[in-house]
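Here's coords.pdb, which has PDB, C-alpha atoms, pLDDT in the B column:
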ATOM      1  CA  MET A   1      -0.336  16.305   0.681  1.00 45.00           C
ATOM      2  CA  SER A   2      -3.284  18.312  -0.594  1.00 43.00           C
ATOM      3  CA  ASP A   3      -6.946  17.443  -0.181  1.00 41.00           C
ATOM      4  CA  ALA A   4      -7.125  16.532  -3.855  1.00 41.00           C
ATOM      5  CA  GLU A   5      -4.679  13.714  -3.309  1.00 43.00           C
ATOM      6  CA  PHE A   6      -6.973  11.995  -0.855  1.00 40.00           C
ATOM      7  CA  GLY A   7     -10.321  12.312  -2.565  1.00 44.00           C
ATOM      8  CA  ARG A   8     -11.350  15.417  -0.630  1.00 38.00           C
ATOM      9  CA  MET A   9     -10.934  18.141  -3.226  1.00 34.00           C
ATOM     10  CA  SER A  10     -13.602  20.839  -3.095  1.00 32.00           C
ATOM     11  CA  ILE A  11     -14.937  22.836  -6.039  1.00 29.00           C
ATOM     12  CA  LYS A  12     -13.724  26.414  -5.864  1.00 35.00           C
ATOM     13  CA  ASP A  13     -14.804  29.349  -7.933  1.00 38.00           C
ATOM     14  CA  GLY A  14     -12.208  30.494 -10.381  1.00 40.00           C
ATOM     15  CA  ASP A  15     -10.526  33.809  -9.773  1.00 42.00           C
ATOM     16  CA  SER A  16      -9.598  36.395 -12.342  1.00 41.00           C
ATOM     17  CA  ASP A  17      -6.644  34.312 -13.562  1.00 49.00           C
ATOM     18  CA  HIS A  18      -8.222  30.868 -13.742  1.00 54.00           C
ATOM     19  CA  LYS A  19     -11.267  29.320 -15.322  1.00 60.00           C
ATOM     20  CA  PRO A  20     -13.801  27.719 -12.956  1.00 61.00           C
ATOM     21  CA  ILE A  21     -13.442  23.984 -12.426  1.00 64.00           C
ATOM     22  CA  SER A  22     -16.366  22.160 -14.034  1.00 77.00           C
ATOM     23  CA  ARG A  23     -18.378  19.689 -11.996  1.00 79.00           C
ATOM     24  CA  TRP A  24     -17.353  16.791 -14.212  1.00 83.00           C
ATOM     25  CA  SER A  25     -13.690  17.760 -14.123  1.00 83.00           C
ATOM     26  CA  HIS A  26     -13.829  17.928 -10.341  1.00 85.00           C
ATOM     27  CA  TRP A  27     -15.549  14.543 -10.127  1.00 88.00           C
ATOM     28  CA  PHE A  28     -12.976  12.956 -12.425  1.00 91.00           C
ATOM     29  CA  GLU A  29      -9.957  14.400 -10.632  1.00 90.00           C
ATOM     30  CA  ALA A  30     -11.297  13.773  -7.144  1.00 90.00           C
ATOM     31  CA  TYR A  31     -12.649  10.251  -7.553  1.00 94.00           C
ATOM     32  CA  VAL A  32     -11.645   8.585 -10.832  1.00 95.00           C
ATOM     33  CA  GLN A  33      -8.042   9.702 -11.274  1.00 96.00           C
ATOM     34  CA  PRO A  34      -6.948   8.526  -7.804  1.00 97.00           C
ATOM     35  CA  CYS A  35      -8.332   5.036  -8.451  1.00 98.00           C
ATOM     36  CA  ILE A  36      -6.630   4.856 -11.841  1.00 98.00           C
ATOM     37  CA  ALA A  37      -3.370   5.939 -10.227  1.00 98.00           C
ATOM     38  CA  GLU A  38      -3.758   3.260  -7.552  1.00 98.00           C
ATOM     39  CA  VAL A  39      -4.283   0.564 -10.199  1.00 98.00           C
ATOM     40  CA  ILE A  40      -1.271   1.682 -12.234  1.00 98.00           C
ATOM     41  CA  GLY A  41       1.015   2.259  -9.261  1.00 98.00           C
ATOM     42  CA  THR A  42       0.112  -1.016  -7.569  1.00 98.00           C
ATOM     43  CA  THR A  43       0.554  -2.904 -10.829  1.00 98.00           C
ATOM     44  CA  MET A  44       4.020  -1.520 -11.532  1.00 97.00           C
ATOM     45  CA  PHE A  45       5.249  -1.796  -7.964  1.00 97.00           C
ATOM     46  CA  LEU A  46       4.045  -5.369  -7.517  1.00 97.00           C
ATOM     47  CA  PHE A  47       5.064  -6.488 -11.004  1.00 97.00           C
ATOM     48  CA  ILE A  48       8.654  -5.492 -10.271  1.00 97.00           C
ATOM     49  CA  GLY A  49       8.514  -7.214  -6.888  1.00 95.00           C
ATOM     50  CA  ILE A  50       6.970 -10.430  -8.211  1.00 95.00           C
ATOM     51  CA  MET A  51       9.402 -10.596 -11.112  1.00 95.00           C
ATOM     52  CA  ALA A  52      12.295 -10.135  -8.690  1.00 93.00           C
ATOM     53  CA  VAL A  53      11.113 -13.147  -6.703  1.00 91.00           C
ATOM     54  CA  ALA A  54      10.488 -15.256  -9.806  1.00 89.00           C
ATOM     55  CA  SER A  55      13.909 -14.474 -11.278  1.00 85.00           C
ATOM     56  CA  ASN A  56      15.862 -14.784  -8.038  1.00 79.00           C
ATOM     57  CA  THR A  57      17.881 -17.836  -9.060  1.00 70.00           C
ATOM     58  CA  ASP A  58      21.450 -16.592  -8.662  1.00 66.00           C
ATOM     59  CA  GLY A  59      21.866 -16.993  -4.921  1.00 59.00           C
ATOM     60  CA  THR A  60      21.243 -13.403  -3.831  1.00 65.00           C
ATOM     61  CA  GLY A  61      18.738 -14.557  -1.216  1.00 78.00           C
ATOM     62  CA  ARG A  62      16.426 -11.842   0.113  1.00 85.00           C
ATOM     63  CA  LEU A  63      18.538  -8.945  -1.138  1.00 90.00           C
ATOM     64  CA  GLN A  64      17.201  -8.892  -4.710  1.00 90.00           C
ATOM     65  CA  PRO A  65      13.489  -8.993  -3.766  1.00 92.00           C
ATOM     66  CA  ALA A  66      14.053  -6.505  -0.944  1.00 95.00           C
ATOM     67  CA  LEU A  67      15.705  -3.920  -3.174  1.00 95.00           C
ATOM     68  CA  ALA A  68      13.262  -4.482  -6.034  1.00 95.00           C
ATOM     69  CA  HIS A  69      10.167  -4.058  -3.854  1.00 96.00           C
ATOM     70  CA  GLY A  70      11.543  -1.044  -2.009  1.00 97.00           C
ATOM     71  CA  LEU A  71      12.877   0.853  -5.010  1.00 97.00           C
ATOM     72  CA  ALA A  72       9.782   0.142  -7.112  1.00 97.00           C
ATOM     73  CA  LEU A  73       7.488   1.375  -4.337  1.00 97.00           C
ATOM     74  CA  GLY A  74       9.490   4.551  -3.803  1.00 97.00           C
ATOM     75  CA  LEU A  75       9.515   5.364  -7.510  1.00 97.00           C
ATOM     76  CA  SER A  76       5.787   4.644  -7.866  1.00 97.00           C
ATOM     77  CA  ILE A  77       4.971   6.957  -4.966  1.00 97.00           C
ATOM     78  CA  ALA A  78       7.236   9.662  -6.352  1.00 97.00           C
ATOM     79  CA  VAL A  79       5.516   9.748  -9.757  1.00 97.00           C
ATOM     80  CA  LEU A  80       1.892   9.002  -8.789  1.00 97.00           C
ATOM     81  CA  GLY A  81       1.616  10.146  -5.181  1.00 96.00           C
ATOM     82  CA  GLY A  82       0.425  13.572  -6.227  1.00 95.00           C
ATOM     83  CA  ILE A  83      -2.720  12.027  -7.715  1.00 96.00           C
ATOM     84  CA  SER A  84      -3.792   9.395  -5.209  1.00 96.00           C
ATOM     85  CA  GLY A  85      -1.435   9.751  -2.256  1.00 95.00           C
ATOM     86  CA  GLY A  86       0.508   6.710  -3.455  1.00 96.00           C
ATOM     87  CA  HIS A  87      -0.946   4.082  -1.126  1.00 97.00           C
ATOM     88  CA  PHE A  88      -0.743   0.929  -3.317  1.00 98.00           C
ATOM     89  CA  ASN A  89      -1.576  -1.110  -0.220  1.00 98.00           C
ATOM     90  CA  PRO A  90      -4.943  -1.773   1.489  1.00 98.00           C
ATOM     91  CA  ALA A  91      -3.343  -1.553   4.941  1.00 98.00           C
ATOM     92  CA  VAL A  92      -1.938   1.892   4.155  1.00 98.00           C
ATOM     93  CA  SER A  93      -5.319   3.086   2.909  1.00 98.00           C
ATOM     94  CA  LEU A  94      -6.962   1.811   6.091  1.00 98.00           C
ATOM     95  CA  GLY A  95      -4.475   3.626   8.313  1.00 98.00           C
ATOM     96  CA  ALA A  96      -4.796   6.810   6.245  1.00 98.00           C
ATOM     97  CA  THR A  97      -8.594   6.683   6.504  1.00 97.00           C
ATOM     98  CA  ILE A  98      -8.559   6.277  10.284  1.00 97.00           C
ATOM     99  CA  MET A  99      -6.206   9.242  10.711  1.00 96.00           C
ATOM    100  CA  GLY A 100      -8.306  11.402   8.389  1.00 95.00           C
ATOM    101  CA  GLY A 101      -5.985  11.402   5.389  1.00 95.00           C
ATOM    102  CA  LEU A 102      -8.405   9.625   3.052  1.00 96.00           C
ATOM    103  CA  ASN A 103     -12.106  10.227   2.563  1.00 95.00           C
ATOM    104  CA  ILE A 104     -13.878   7.188   4.006  1.00 96.00           C
ATOM    105  CA  PHE A 105     -15.995   6.895   0.855  1.00 96.00           C
ATOM    106  CA  MET A 106     -12.814   6.320  -1.145  1.00 97.00           C
ATOM    107  CA  LEU A 107     -11.562   3.435   0.998  1.00 98.00           C
ATOM    108  CA  ILE A 108     -13.429   0.635  -0.793  1.00 98.00           C
ATOM    109  CA  PRO A 109     -12.627   2.012  -4.291  1.00 98.00           C
ATOM    110  CA  TYR A 110      -8.962   2.219  -3.264  1.00 98.00           C
ATOM    111  CA  TRP A 111      -9.022  -1.375  -2.016  1.00 98.00           C
ATOM    112  CA  ILE A 112     -10.631  -2.603  -5.226  1.00 98.00           C
ATOM    113  CA  SER A 113      -8.093  -0.676  -7.310  1.00 98.00           C
ATOM    114  CA  GLN A 114      -5.173  -2.100  -5.341  1.00 98.00           C
ATOM    115  CA  LEU A 115      -6.410  -5.669  -5.567  1.00 98.00           C
ATOM    116  CA  CYS A 116      -6.938  -5.258  -9.302  1.00 98.00           C
ATOM    117  CA  GLY A 117      -3.381  -3.968  -9.559  1.00 98.00           C
ATOM    118  CA  GLY A 118      -2.128  -7.028  -7.686  1.00 97.00           C
ATOM    119  CA  LEU A 119      -4.002  -9.340 -10.057  1.00 98.00           C
ATOM    120  CA  ILE A 120      -2.705  -7.564 -13.146  1.00 98.00           C
ATOM    121  CA  ALA A 121       0.867  -7.599 -11.824  1.00 97.00           C
ATOM    122  CA  ALA A 122       0.757 -11.319 -11.047  1.00 96.00           C
ATOM    123  CA  GLY A 123      -0.803 -12.089 -14.425  1.00 96.00           C
ATOM    124  CA  LEU A 124       1.838 -10.119 -16.293  1.00 97.00           C
ATOM    125  CA  ALA A 125       4.606 -11.772 -14.302  1.00 95.00           C
ATOM    126  CA  LYS A 126       3.248 -15.220 -15.112  1.00 95.00           C
ATOM    127  CA  ALA A 127       3.025 -14.368 -18.812  1.00 95.00           C
ATOM    128  CA  MET A 128       6.648 -13.213 -18.891  1.00 94.00           C
ATOM    129  CA  THR A 129       8.253 -15.921 -16.756  1.00 91.00           C
ATOM    130  CA  PRO A 130       9.121 -19.458 -17.939  1.00 91.00           C
ATOM    131  CA  GLU A 131       6.511 -21.866 -16.603  1.00 89.00           C
ATOM    132  CA  ASP A 132       8.940 -24.047 -14.676  1.00 89.00           C
ATOM    133  CA  GLN A 133      10.594 -21.060 -13.075  1.00 88.00           C
ATOM    134  CA  PHE A 134       7.228 -19.531 -12.157  1.00 87.00           C
ATOM    135  CA  ASN A 135       5.990 -22.794 -10.667  1.00 86.00           C
ATOM    136  CA  ASN A 136       9.190 -23.292  -8.662  1.00 86.00           C
ATOM    137  CA  VAL A 137       8.401 -20.180  -6.632  1.00 87.00           C
ATOM    138  CA  SER A 138       4.636 -20.845  -6.553  1.00 89.00           C
ATOM    139  CA  GLY A 139       4.056 -17.745  -8.616  1.00 90.00           C
ATOM    140  CA  ALA A 140       5.734 -15.563  -5.941  1.00 92.00           C
ATOM    141  CA  ALA A 141       2.903 -16.417  -3.543  1.00 94.00           C
ATOM    142  CA  PHE A 142       3.878 -16.530   0.127  1.00 94.00           C
ATOM    143  CA  THR A 143       4.911 -20.058   1.078  1.00 92.00           C
ATOM    144  CA  THR A 144       7.023 -19.310   4.150  1.00 93.00           C
ATOM    145  CA  ILE A 145       4.435 -20.648   6.603  1.00 95.00           C
ATOM    146  CA  GLN A 146       4.337 -24.436   6.400  1.00 94.00           C
ATOM    147  CA  PHE A 147       3.106 -25.441   9.863  1.00 95.00           C
ATOM    148  CA  ASP A 148       0.544 -24.125  12.322  1.00 95.00           C
ATOM    149  CA  GLU A 149       3.313 -23.440  14.832  1.00 95.00           C
ATOM    150  CA  GLN A 150       4.624 -20.718  12.534  1.00 95.00           C
ATOM    151  CA  ILE A 151       1.363 -18.775  12.432  1.00 97.00           C
ATOM    152  CA  GLY A 152       1.892 -16.798  15.654  1.00 97.00           C
ATOM    153  CA  PRO A 153       5.393 -15.516  14.835  1.00 96.00           C
ATOM    154  CA  ALA A 154       4.322 -14.795  11.246  1.00 97.00           C
ATOM    155  CA  ILE A 155       1.321 -12.696  12.270  1.00 97.00           C
ATOM    156  CA  GLY A 156       3.460 -10.876  14.824  1.00 97.00           C
ATOM    157  CA  ALA A 157       6.107 -10.136  12.216  1.00 97.00           C
ATOM    158  CA  GLU A 158       3.514  -8.923   9.712  1.00 98.00           C
ATOM    159  CA  ILE A 159       1.964  -6.599  12.287  1.00 98.00           C
ATOM    160  CA  ILE A 160       5.289  -5.090  13.339  1.00 97.00           C
ATOM    161  CA  MET A 161       6.733  -4.689   9.842  1.00 97.00           C
ATOM    162  CA  THR A 162       3.502  -3.323   8.382  1.00 98.00           C
ATOM    163  CA  PHE A 163       3.163  -0.994  11.375  1.00 98.00           C
ATOM    164  CA  TYR A 164       6.542   0.476  10.482  1.00 98.00           C
ATOM    165  CA  LEU A 165       5.535   0.829   6.832  1.00 98.00           C
ATOM    166  CA  VAL A 166       2.134   2.430   7.478  1.00 98.00           C
ATOM    167  CA  LEU A 167       3.716   4.720  10.079  1.00 98.00           C
ATOM    168  CA  ALA A 168       6.273   5.852   7.495  1.00 97.00           C
ATOM    169  CA  VAL A 169       3.503   6.652   5.017  1.00 97.00           C
ATOM    170  CA  CYS A 170       1.151   8.396   7.431  1.00 97.00           C
ATOM    171  CA  MET A 171       3.796  10.420   9.244  1.00 97.00           C
ATOM    172  CA  GLY A 172       6.089  11.007   6.282  1.00 96.00           C
ATOM    173  CA  ALA A 173       3.493  11.864   3.640  1.00 96.00           C
ATOM    174  CA  ILE A 174       0.229  12.876   5.368  1.00 96.00           C
ATOM    175  CA  ASN A 175       0.770  14.311   8.854  1.00 95.00           C
ATOM    176  CA  GLU A 176       1.436  18.032   8.377  1.00 93.00           C
ATOM    177  CA  LYS A 177       3.953  18.350  11.207  1.00 93.00           C
ATOM    178  CA  THR A 178       6.235  15.549  10.022  1.00 95.00           C
ATOM    179  CA  LYS A 179       5.736  15.075   6.275  1.00 94.00           C
ATOM    180  CA  THR A 180       8.833  15.360   4.123  1.00 94.00           C
ATOM    181  CA  PRO A 181       9.737  15.490   0.413  1.00 94.00           C
ATOM    182  CA  LEU A 182      11.863  12.400   1.067  1.00 95.00           C
ATOM    183  CA  ALA A 183       8.771  10.362   1.981  1.00 96.00           C
ATOM    184  CA  PRO A 184       8.708   8.214  -1.217  1.00 96.00           C
ATOM    185  CA  PHE A 185      12.213   6.954  -0.662  1.00 94.00           C
ATOM    186  CA  ALA A 186      11.810   6.612   3.115  1.00 96.00           C
ATOM    187  CA  ILE A 187       8.703   4.487   2.506  1.00 97.00           C
ATOM    188  CA  GLY A 188      10.485   2.383  -0.099  1.00 97.00           C
ATOM    189  CA  PHE A 189      13.423   1.776   2.215  1.00 96.00           C
ATOM    190  CA  THR A 190      10.989   0.718   4.945  1.00 97.00           C
ATOM    191  CA  VAL A 191       9.808  -2.088   2.674  1.00 97.00           C
ATOM    192  CA  THR A 192      13.401  -3.038   1.896  1.00 97.00           C
ATOM    193  CA  VAL A 193      14.440  -3.359   5.532  1.00 97.00           C
ATOM    194  CA  GLY A 194      11.199  -5.201   6.300  1.00 96.00           C
ATOM    195  CA  VAL A 195      11.937  -7.848   3.676  1.00 95.00           C
ATOM    196  CA  LEU A 196      15.533  -8.174   4.826  1.00 95.00           C
ATOM    197  CA  ALA A 197      14.523  -8.509   8.484  1.00 94.00           C
ATOM    198  CA  GLY A 198      11.378 -10.599   8.292  1.00 92.00           C
ATOM    199  CA  GLY A 199      11.606 -12.588   5.093  1.00 91.00           C
ATOM    200  CA  ASP A 200      12.407 -15.840   6.871  1.00 91.00           C
ATOM    201  CA  VAL A 201       9.648 -15.423   9.456  1.00 95.00           C
ATOM    202  CA  SER A 202       6.593 -14.572   7.371  1.00 95.00           C
ATOM    203  CA  GLY A 203       7.844 -13.739   3.903  1.00 94.00           C
ATOM    204  CA  ALA A 204       7.500 -10.032   4.755  1.00 95.00           C
ATOM    205  CA  CYS A 205       4.364  -9.340   2.770  1.00 97.00           C
ATOM    206  CA  MET A 206       3.150  -6.127   4.493  1.00 97.00           C
ATOM    207  CA  ASN A 207       0.556  -5.712   1.738  1.00 98.00           C
ATOM    208  CA  PRO A 208      -2.621  -7.784   1.185  1.00 98.00           C
ATOM    209  CA  ALA A 209      -2.631  -6.845  -2.510  1.00 98.00           C
ATOM    210  CA  ARG A 210       0.866  -8.332  -2.848  1.00 97.00           C
ATOM    211  CA  ALA A 211      -0.409 -11.583  -1.343  1.00 97.00           C
ATOM    212  CA  PHE A 212      -3.729 -11.635  -3.205  1.00 97.00           C
ATOM    213  CA  GLY A 213      -2.561 -11.349  -6.819  1.00 96.00           C
ATOM    214  CA  PRO A 214      -0.049 -14.229  -6.779  1.00 96.00           C
ATOM    215  CA  ALA A 215      -2.421 -16.365  -4.678  1.00 96.00           C
ATOM    216  CA  VAL A 216      -5.106 -16.081  -7.363  1.00 97.00           C
ATOM    217  CA  VAL A 217      -2.777 -16.603 -10.330  1.00 96.00           C
ATOM    218  CA  ALA A 218      -0.893 -19.522  -8.749  1.00 94.00           C
ATOM    219  CA  ASP A 219      -3.965 -20.859  -6.908  1.00 94.00           C
ATOM    220  CA  TYR A 220      -1.958 -21.038  -3.678  1.00 95.00           C
ATOM    221  CA  TRP A 221      -4.058 -20.181  -0.603  1.00 96.00           C
ATOM    222  CA  ASP A 222      -2.254 -21.883   2.288  1.00 96.00           C
ATOM    223  CA  TYR A 223      -2.300 -19.541   5.287  1.00 96.00           C
ATOM    224  CA  HIS A 224      -3.297 -16.695   2.982  1.00 97.00           C
ATOM    225  CA  TRP A 225      -5.436 -15.117   5.694  1.00 97.00           C
ATOM    226  CA  VAL A 226      -2.299 -14.317   7.698  1.00 97.00           C
ATOM    227  CA  TYR A 227      -1.319 -11.747   5.073  1.00 98.00           C
ATOM    228  CA  TRP A 228      -4.615  -9.950   5.536  1.00 98.00           C
ATOM    229  CA  VAL A 229      -4.937 -10.086   9.310  1.00 98.00           C
ATOM    230  CA  GLY A 230      -1.402  -8.921  10.123  1.00 97.00           C
ATOM    231  CA  PRO A 231      -1.241  -5.887   7.803  1.00 98.00           C
ATOM    232  CA  MET A 232      -4.819  -4.768   8.486  1.00 98.00           C
ATOM    233  CA  VAL A 233      -4.295  -4.905  12.251  1.00 98.00           C
ATOM    234  CA  ALA A 234      -1.190  -2.786  11.759  1.00 98.00           C
ATOM    235  CA  GLY A 235      -3.153  -0.251   9.704  1.00 98.00           C
ATOM    236  CA  VAL A 236      -5.753   0.083  12.471  1.00 98.00           C
ATOM    237  CA  LEU A 237      -3.051   0.482  15.126  1.00 98.00           C
ATOM    238  CA  VAL A 238      -1.157   3.173  13.245  1.00 98.00           C
ATOM    239  CA  GLY A 239      -4.261   5.178  12.358  1.00 97.00           C
ATOM    240  CA  THR A 240      -5.504   5.029  15.947  1.00 97.00           C
ATOM    241  CA  ILE A 241      -2.181   5.981  17.534  1.00 97.00           C
ATOM    242  CA  ILE A 242      -1.806   8.960  15.203  1.00 97.00           C
ATOM    243  CA  ARG A 243      -5.382  10.074  15.887  1.00 95.00           C
ATOM    244  CA  LEU A 244      -4.956   9.848  19.638  1.00 95.00           C
ATOM    245  CA  LEU A 245      -1.308  10.522  20.379  1.00 94.00           C
ATOM    246  CA  ILE A 246       1.238  11.603  17.779  1.00 95.00           C
ATOM    247  CA  GLY A 247      -0.727  13.363  15.051  1.00 94.00           C
ATOM    248  CA  ASP A 248      -0.604  17.111  14.523  1.00 92.00           C
ATOM    249  CA  ARG A 249      -3.303  19.386  15.940  1.00 89.00           C
ATOM    250  CA  LYS A 250      -5.428  19.004  12.832  1.00 89.00           C
ATOM    251  CA  THR A 251      -5.323  15.221  13.131  1.00 90.00           C
ATOM    252  CA  ARG A 252      -5.509  14.536  16.888  1.00 89.00           C
ATOM    253  CA  LEU A 253      -8.915  14.049  18.431  1.00 88.00           C
ATOM    254  CA  PHE A 254      -7.850  15.232  21.896  1.00 83.00           C
ATOM    255  CA  LEU A 255      -5.484  17.735  23.559  1.00 79.00           C
ATOM    256  CA  LYS A 256      -5.451  20.042  20.604  1.00 75.00           C
ATOM    257  CA  GLY A 257      -4.877  23.153  22.650  1.00 67.00           C
ATOM    258  CA  THR A 258      -6.386  26.514  21.836  1.00 55.00           C
TER     259      THR A 258
END
Give the structure from the file, written as structure tokens.
Amino acid sequence: MSDAEFGRMSIKDGDSDHKPISRWSHWFEAYVQPCIAEVIGTTMFLFIGIMAVASNTDGTGRLQPALAHGLALGLSIAVLGGISGGHFNPAVSLGATIMGGLNIFMLIPYWISQLCGGLIAAGLAKAMTPEDQFNNVSGAAFTTIQFDEQIGPAIGAEIIMTFYLVLAVCMGAINEKTKTPLAPFAIGFTVTVGVLAGGDVSGACMNPARAFGPAVVADYWDYHWVYWVGPMVAGVLVGTIIRLLIGDRKTRLFLKGT
């Protein structure tokens, strides 16, 4: 993805065929547009996912939420990734920042945008779902962990599943040597298989914004911290491993060759 997609666009003088980019236009496209895209993309992706959980009353188990989350994420990345990189997840933004794919000064604005998107998505889902049905699923908040004994396996599952997701984003959409046009759908499918594999262990959140919005709207905070610690640890691990070991020459800090 280009520098513009990650808040690093530089102002270039126009050539004979193009008008120069104004300072305000550059500022808007480099800093404001990406945040707007993150709000919109996170809202749509999480709204679909939350609604799938709230309406999952016909015995399909994890399949309906898994497909809804994965397909919605892939589509959101496909249509908005060219503006912001299509993170829609604080853990992804953290991993991208560590590997050099996101300007560090954009990390906090991205996080704020994603959390706002999660809040909007949860609010819209609550407004459009019958109250009893919404309450029966605790507003699609994560309720899988009921006892302290489940915390260890849940954190482990969140780290592993989010690691896979952040790796798919960073290697499929950012790293020059491995990025592919199929990245949006590969990333979406990573979420799908994560939900199918880990739904019974931790709920398969993989995204603090996905946990935060429903927690606020439903006022359900039991073990909420797990869904921050696990994904954020995964983001740090992925960014570090790419920086040190598997990134391309532009990304790696060591053994770049001549």
Residue neighbourhood Ser84 (chain A), 12 Å, only C-alpha atoms, exclusion window fewer than 2 positions, as an MDAnalysis selection string: chainID A and resid 1:9 29:42 76:82 86:89 93 96 101:103 106:107 109:110 113:114 173:174
May I have the residues from that selection written out with C-alpha atoms, as a short mmCIF file (atom, residue, chain, number, x, y, z; two decimals), in the coordinates of the input?
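result_5.cif, freshly written:
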data_model
loop_
_atom_site.label_atom_id
_atom_site.label_comp_id
_atom_site.auth_asym_id
_atom_site.auth_seq_id
_atom_site.Cartn_x
_atom_site.Cartn_y
_atom_site.Cartn_z
CA MET A 1 -0.34 16.30 0.68
CA SER A 2 -3.28 18.31 -0.59
CA ASP A 3 -6.95 17.44 -0.18
CA ALA A 4 -7.12 16.53 -3.86
CA GLU A 5 -4.68 13.71 -3.31
CA PHE A 6 -6.97 12.00 -0.86
CA GLY A 7 -10.32 12.31 -2.56
CA ARG A 8 -11.35 15.42 -0.63
CA MET A 9 -10.93 18.14 -3.23
CA GLU A 29 -9.96 14.40 -10.63
CA ALA A 30 -11.30 13.77 -7.14
CA TYR A 31 -12.65 10.25 -7.55
CA VAL A 32 -11.64 8.59 -10.83
CA GLN A 33 -8.04 9.70 -11.27
CA PRO A 34 -6.95 8.53 -7.80
CA CYS A 35 -8.33 5.04 -8.45
CA ILE A 36 -6.63 4.86 -11.84
CA ALA A 37 -3.37 5.94 -10.23
CA GLU A 38 -3.76 3.26 -7.55
CA VAL A 39 -4.28 0.56 -10.20
CA ILE A 40 -1.27 1.68 -12.23
CA GLY A 41 1.01 2.26 -9.26
CA THR A 42 0.11 -1.02 -7.57
CA SER A 76 5.79 4.64 -7.87
CA ILE A 77 4.97 6.96 -4.97
CA ALA A 78 7.24 9.66 -6.35
CA VAL A 79 5.52 9.75 -9.76
CA LEU A 80 1.89 9.00 -8.79
CA GLY A 81 1.62 10.15 -5.18
CA GLY A 82 0.42 13.57 -6.23
CA GLY A 86 0.51 6.71 -3.46
CA HIS A 87 -0.95 4.08 -1.13
CA PHE A 88 -0.74 0.93 -3.32
CA ASN A 89 -1.58 -1.11 -0.22
CA SER A 93 -5.32 3.09 2.91
CA ALA A 96 -4.80 6.81 6.24
CA GLY A 101 -5.98 11.40 5.39
CA LEU A 102 -8.40 9.62 3.05
CA ASN A 103 -12.11 10.23 2.56
CA MET A 106 -12.81 6.32 -1.14
CA LEU A 107 -11.56 3.44 1.00
CA PRO A 109 -12.63 2.01 -4.29
CA TYR A 110 -8.96 2.22 -3.26
CA SER A 113 -8.09 -0.68 -7.31
CA GLN A 114 -5.17 -2.10 -5.34
CA ALA A 173 3.49 11.86 3.64
CA ILE A 174 0.23 12.88 5.37
#
Within 8 Å of region 159-168 of chain A, which residues of region 15-134 of chain A come that close, and what is the closest atom pair and distance in Å for each? Count only C-alpha atoms and give it as a Markdown table.
| residue | atom | partner | partner_atom | distance |
| --- | --- | --- | --- | --- |
| A:Ala91 | CA | A:Val166 | CA | 7.2 |
| A:Val92 | CA | A:Val166 | CA | 5.3 |
| A:Gly95 | CA | A:Val166 | CA | 6.8 |
| request: With the file shown as input, list the residues that the PyMOL selection byres ((chain A and resi 191) around 12) selects, as a ChimeraX atom specification. | output: /A:45,49,63,65-74,89,158,160-169,184-190,192-199,203-207
Pull out every residue that the PyMOL selection byres ((chain A and resi 139) around 9) matches in the shown coordinates and put them as a list in words.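 What the PyMOL selection byres ((chain A and resi 139) around 9) grabs from the file is Ile50, Val53, Ala54, Ala122, Ala125, Lys126, Gln133, Phe134, Asn135, Asn136, Val137, Ser138, Ala140, Ala141, Phe142, Pro214, Ala215, Val217, Ala218, Asp219 and Tyr220 of chain A.
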**Message:** From the options A:Phe254, A:Trp24, A:Phe105, A:Phe212, which residue's atoms come nearest to Trp228 (chain A), counting only C-alpha atoms?
**Reply:**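 Going through A:Phe254, A:Trp24, A:Phe105, A:Phe212 one by one, the smallest distance to Trp228 (chain A) is for A:Phe212.
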Practice task
Could you give me, as a PyMOL selection string, the residues that sit within 12 Å of (4.7, -21.7, 11.1) in the file's coordinates, counting all atoms listed in the file?
Solution key: chain A and resi 143-157+200-203+222-223+226
re CA of Thr180 (chain A) and CA of Met232 (chain A): distance 24.7 Å
- Looking at A:Arg62, A:Lys177, A:Ala121, A:Ile48, which one is nearest to Lys250 (chain A), with distances taken over all atoms listed in the file?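 Closest to Lys250 (chain A), using all atoms listed in the file: A:Lys177.
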Please indicate the distance in Å from CA of Ile120 (chain A) to CA of Thr43 (chain A), rounded to one decimal place.
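So the two atoms, CA of Ile120 (chain A) and CA of Thr43 (chain A), lie 6.1 Å apart.
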